[in-house]
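Chemist: Sharing a structure below in structure tokens format, with a few things to ask.
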Amino acid sequence: MDRTLSQPTAQNPPTSNASASQVSVVVIGYDDAAHVADAVRSALAQGPVVREVIAVDDCSTDGSAEILAALAERDPRVKVLRRATNSGGCGTPRNDGIDAASAPYVMFLDSDDVLPPGAAVALLAAAERHGSEVASGLCVRRELPAGREVPWQPELYAKARLVARPELRTRLVHDTLCVNKLYRTDFLRAHGIRFPEGRFIYEDFVFTARVLAAGPRIALVPDTVYVWHVRRAAAKLSISLDRAGITNWQARMEAHRQSVEILRDARGTGGKRLARAARAKFLDHGLRMYARELPSRGKEYQREWWSLTRAYLTTFDDADLDAAPAPGRVIARVVLASEEPRDLARLRQVAARPARLVPPYPRASDATPVWAADLPQVTLEHLLVRPMRLLPLAVDGELRPRAGGTPLVLRLSELYGRVAQAGPATVDVELVHRLSGLPGLRRTAAFAPERPGETWTATVLLDLGALDGAVWDVRLRLHFDDGTSRDTTARAVAGPGLLRRTVVPGGRRGILLVQPYATQAGNLSVRLAPGVRGVAGVVKRRAARFVRSALDAARRASGL
């Protein structure tokens, strides 16, 4: 049973006993003195619903222990557990917190994140009202220092629901986080649900699989209950951002493998449905994310990644692949079909969001669309029937900065006859501020045939001087004569005079530095720096990045 439920919120407090001290919040941290106090305070600010904040310090050396001790002196609800040795991961300190929890419910918080006001109240109200063992709410990723918030798995939390059994809503496997959820403490203990011990990366995957395999009732709450801070400029990246080494990918695959085994071994048929959904999610999320980054890695990394991924994908069956969205499925089939890395730049385009399939567009001897003439087993016949709004259309973008306006030339490619059949009409171009997500310039242009039956072009003139100095992403909406449309992005095209910094006169500060560039996924974006000071700042930051890269290369070469 999966039904909509009426849900109390922080603005509309529940009338039940949810205000009683029913929740233990477990805060874990290691050498995070700069942020741990904010995390603990955000837990205490949940109010009387929180019985205790169990701060587990994983043998920090940076003064975190003293900060926690001071917080404990000021508020008796703070209980500090200091590990004698560092565990090397997040699982062991969370397990310590589960063991120490005295409240009927427990939730988890990382030292560099915060709980928003009312989070514990909303989760507890849902759990108590519906007798569920788990309550789960929306997590947002907050990009710092800009503050832009991106919701995590928003489809799950569009409205309040009660899920009677996890297999009735298999999309639950997409939310592998443990921190945006409230658990009945006795439920975790009765089923022996714990995190992997020691240095185990992506421990959330395994813990969440154990929770789902136990078959709890889960209340879904549309309120934001967790703020995940993303600090991309931090000296030490978080696990989710630090993917440069092959060990990160190995750890991800191992955590996923264990998760699938846990779900598959669950009693009843529901576990098999969840296991298949987890594999589909791996292809659509993990495989696509790392495939986007593959062209920027070294040759040794690429070969090792390809070999490891291919070996893991051989454990998937055809039904697992067929259950995944098309982009991840195609990437998986290409990897399985080739012993050596190939077509990495093209795979990166398929892995982009939204996906793009760039030319060439070969066919097999029977006219079936295929990935490549020498890989006829990787068929693309789904492109002949897929709705236009979902097709991986390829649009190349060329931005040529100059005085008096910057032309953006867009080139739309045919895709097995589907584009010509729909009839390209116009394109809406929008420049979106990278950090705020707010739109800047909007322009519309008409498509005209370039090479009949192969490409169409449209050109818009952009006044970049009217925009603030920042990074702007290019977003497109393609309109066709048959009434359909497709939202997509432009692929950044390299070539003579393209993707290079250009200083042009004009704008509100006299001059403007314009730098078109390709994102990790190959999308066209543009970085603007107005005025002399802005231009100098860009040069200074580039020099600093060059020095850091040189030092990192030297350290890697020396084995440090």
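How things are named: the first chain in the structure tokens is A, the next is B, and so on; residues count from 1 in each chain; ligands count from 1 in the order shown.
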What's the 9 Å shell around Val335 (chain A), counting only C-alpha atoms, without same-chain residues fewer than 4 positions away, as a list in words?
Modeler: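 Final neighbour list, sorted by chain and number: Trp306, Ser307, Thr309, Arg310, Leu313, Val330, Ile331, Glu339, Glu340, Pro341 and Arg342 of chain A.
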Chemist: Write out as a count of residues only all residues of region 188-311 of chain A that DSSP puts in strand (DSSP E) for this structure's backbone.
Modeler: 13
Chemist: Mind giving me the straight-line distance from CA of Asp284 (chain A) to CA of Ala332 (chain A) in Å, one decimal?
Modeler: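 Here the two named atoms are 9.8 Å from each other.
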Chemist: Any idea what the distance is between CA of Val40 (chain A) and CA of Asp110 (chain A)?
Modeler: 9.4 Å
Chemist: Just want the 8 Å neighbourhood of Arg527 (chain A), counted on only C-alpha atoms, with same-chain residues fewer than 2 positions away dropped. Output as a short mmCIF file (atom, residue, chain, number, x, y, z; two decimals) with all heavy atoms, in the first residue's frame.
Modeler:
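What follows is the written file around39.cif:
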data_model
loop_
_atom_site.label_atom_id
_atom_site.label_comp_id
_atom_site.auth_asym_id
_atom_site.auth_seq_id
_atom_site.Cartn_x
_atom_site.Cartn_y
_atom_site.Cartn_z
N GLY A 469 29.37 39.33 -13.43
CA GLY A 469 30.52 38.46 -13.52
C GLY A 469 30.28 37.17 -12.77
O GLY A 469 30.15 37.18 -11.55
N ALA A 470 30.16 36.08 -13.46
CA ALA A 470 29.85 34.80 -12.85
C ALA A 470 29.93 33.74 -13.94
O ALA A 470 30.33 34.00 -15.08
CB ALA A 470 28.46 34.82 -12.22
N VAL A 471 29.55 32.52 -13.59
CA VAL A 471 29.46 31.43 -14.56
C VAL A 471 28.00 31.28 -14.97
O VAL A 471 27.11 31.21 -14.12
CB VAL A 471 29.99 30.11 -13.97
CG1 VAL A 471 29.77 28.97 -14.95
CG2 VAL A 471 31.48 30.24 -13.63
N TRP A 472 27.79 31.20 -16.27
CA TRP A 472 26.44 31.09 -16.83
C TRP A 472 26.35 29.84 -17.70
O TRP A 472 27.19 29.61 -18.56
CB TRP A 472 26.10 32.33 -17.65
CG TRP A 472 26.08 33.58 -16.82
CD1 TRP A 472 27.15 34.37 -16.49
CD2 TRP A 472 24.95 34.18 -16.19
NE1 TRP A 472 26.76 35.40 -15.70
CE2 TRP A 472 25.40 35.33 -15.50
CE3 TRP A 472 23.58 33.87 -16.16
CZ2 TRP A 472 24.55 36.16 -14.78
CZ3 TRP A 472 22.72 34.69 -15.44
CH2 TRP A 472 23.20 35.81 -14.76
N VAL A 514 35.56 37.23 -21.40
CA VAL A 514 34.59 36.18 -21.73
C VAL A 514 35.34 34.88 -21.96
O VAL A 514 36.25 34.82 -22.81
CB VAL A 514 33.77 36.54 -22.98
CG1 VAL A 514 32.73 35.46 -23.27
CG2 VAL A 514 33.10 37.90 -22.81
N GLN A 515 34.97 33.83 -21.22
CA GLN A 515 35.61 32.54 -21.40
C GLN A 515 34.57 31.44 -21.61
O GLN A 515 34.01 30.91 -20.66
CB GLN A 515 36.49 32.17 -20.19
CG GLN A 515 37.21 30.84 -20.39
CD GLN A 515 37.79 30.27 -19.11
OE1 GLN A 515 37.74 30.92 -18.08
NE2 GLN A 515 38.34 29.07 -19.18
N PRO A 516 34.29 31.09 -22.87
CA PRO A 516 33.46 29.91 -23.10
C PRO A 516 34.25 28.66 -22.71
O PRO A 516 35.46 28.59 -22.93
CB PRO A 516 33.19 29.94 -24.61
CG PRO A 516 33.63 31.31 -25.06
CD PRO A 516 34.69 31.73 -24.11
N TYR A 517 33.59 27.66 -22.15
CA TYR A 517 34.30 26.43 -21.79
C TYR A 517 33.32 25.26 -21.72
O TYR A 517 32.10 25.43 -21.69
CB TYR A 517 35.04 26.60 -20.46
CG TYR A 517 34.16 26.60 -19.23
CD1 TYR A 517 33.99 25.46 -18.46
CD2 TYR A 517 33.51 27.77 -18.83
CE1 TYR A 517 33.19 25.47 -17.33
CE2 TYR A 517 32.71 27.79 -17.70
CZ TYR A 517 32.56 26.63 -16.95
OH TYR A 517 31.76 26.64 -15.85
N SER A 525 29.27 26.38 -21.34
CA SER A 525 29.04 27.40 -20.33
C SER A 525 29.97 28.57 -20.61
O SER A 525 30.90 28.45 -21.42
CB SER A 525 29.28 26.84 -18.92
OG SER A 525 28.31 25.88 -18.56
N ALA A 529 34.00 37.96 -16.44
CA ALA A 529 34.71 38.76 -15.44
C ALA A 529 34.74 40.20 -15.93
O ALA A 529 35.52 40.55 -16.83
CB ALA A 529 36.13 38.24 -15.22
#
Chemist: May I have all residues of region 412-534 of chain A that DSSP, computed from the backbone, assigns to helix (DSSP H, G or I), given as a list of chain:residue names?
Modeler: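 Filtering region 412-534 of chain A down to helix (DSSP H, G or I) leaves A:Arg418, A:Val419, A:Ala420, A:Gln421, A:Ala422, A:Leu464, A:Gly465, A:Ala466, A:Gly531, A:Val532, A:Arg533, A:Gly534.
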Chemist: Using only C-alpha atoms for the distances, tell me which of A:Gly89, A:Gly137, A:Pro407, A:Pro116 is nearest to Phe200 (chain A).
Modeler: A:Gly89
Chemist: Please list as a PyMOL selection string every residue within 12 Å of Gly298 (chain A), counting only C-alpha atoms and excluding residues in the same chain fewer than 3 positions away.
Modeler: chain A and resi 244-246+293-295+301-305+341
Chemist: Have a look at A:Thr484, A:Thr224, A:Thr489, A:Asn86 and name the one nearest to Val140 (chain A); count only C-alpha atoms.
Modeler: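 Nearest candidate to Val140 (chain A) out of A:Thr484, A:Thr224, A:Thr489, A:Asn86: A:Thr224.
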Chemist: Can you tell me which residues surround region 133-135 of chain A at a distance of at most 12 Å, considering only C-alpha atoms, apart from same-chain residues fewer than 3 positions away, and format the answer as a count of residues only?
Modeler: 54
Chemist: How many Å separate CA of Trp249 (chain A) from CA of Arg279 (chain A)?
Modeler: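 So the two atoms, CA of Trp249 (chain A) and CA of Arg279 (chain A), lie 15.4 Å apart.
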Chemist: List as a PyMOL selection string the protein and nucleic acid residues near region 418-424 of chain A, meaning an atom at most 6 Å away when only C-alpha atoms are counted, but skip any in the same chain fewer than 6 places from it.
Modeler: chain A and resi 480-482
Chemist: Give me a file of those residues, with N, CA, C and O atoms, as a PDB file, in the first residue's frame.
Modeler:
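part.pdb, freshly written:
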ATOM      1  N   PHE A 480       9.481  22.116 -32.470  1.00  0.00           N
ATOM      2  CA  PHE A 480       9.361  21.483 -33.780  1.00  0.00           C
ATOM      3  C   PHE A 480       7.991  21.768 -34.379  1.00  0.00           C
ATOM      4  O   PHE A 480       7.025  22.066 -33.680  1.00  0.00           O
ATOM      5  N   ASP A 481       7.926  21.622 -35.713  1.00  0.00           N
ATOM      6  CA  ASP A 481       6.685  21.920 -36.434  1.00  0.00           C
ATOM      7  C   ASP A 481       5.542  20.995 -36.044  1.00  0.00           C
ATOM      8  O   ASP A 481       4.369  21.365 -36.193  1.00  0.00           O
ATOM      9  N   ASP A 482       5.857  19.795 -35.552  1.00  0.00           N
ATOM     10  CA  ASP A 482       4.785  18.864 -35.186  1.00  0.00           C
ATOM     11  C   ASP A 482       4.218  19.146 -33.795  1.00  0.00           C
ATOM     12  O   ASP A 482       3.401  18.374 -33.284  1.00  0.00           O
TER      13      ASP A 482
END
Chemist: At a cut-off of 9 Å, using only C-alpha atoms, what residues contact Thr176 (chain A)? Leave out same-chain residues fewer than 4 positions from it and give the result as a VMD selection string.
Modeler: chain A and resid 172 204 to 209
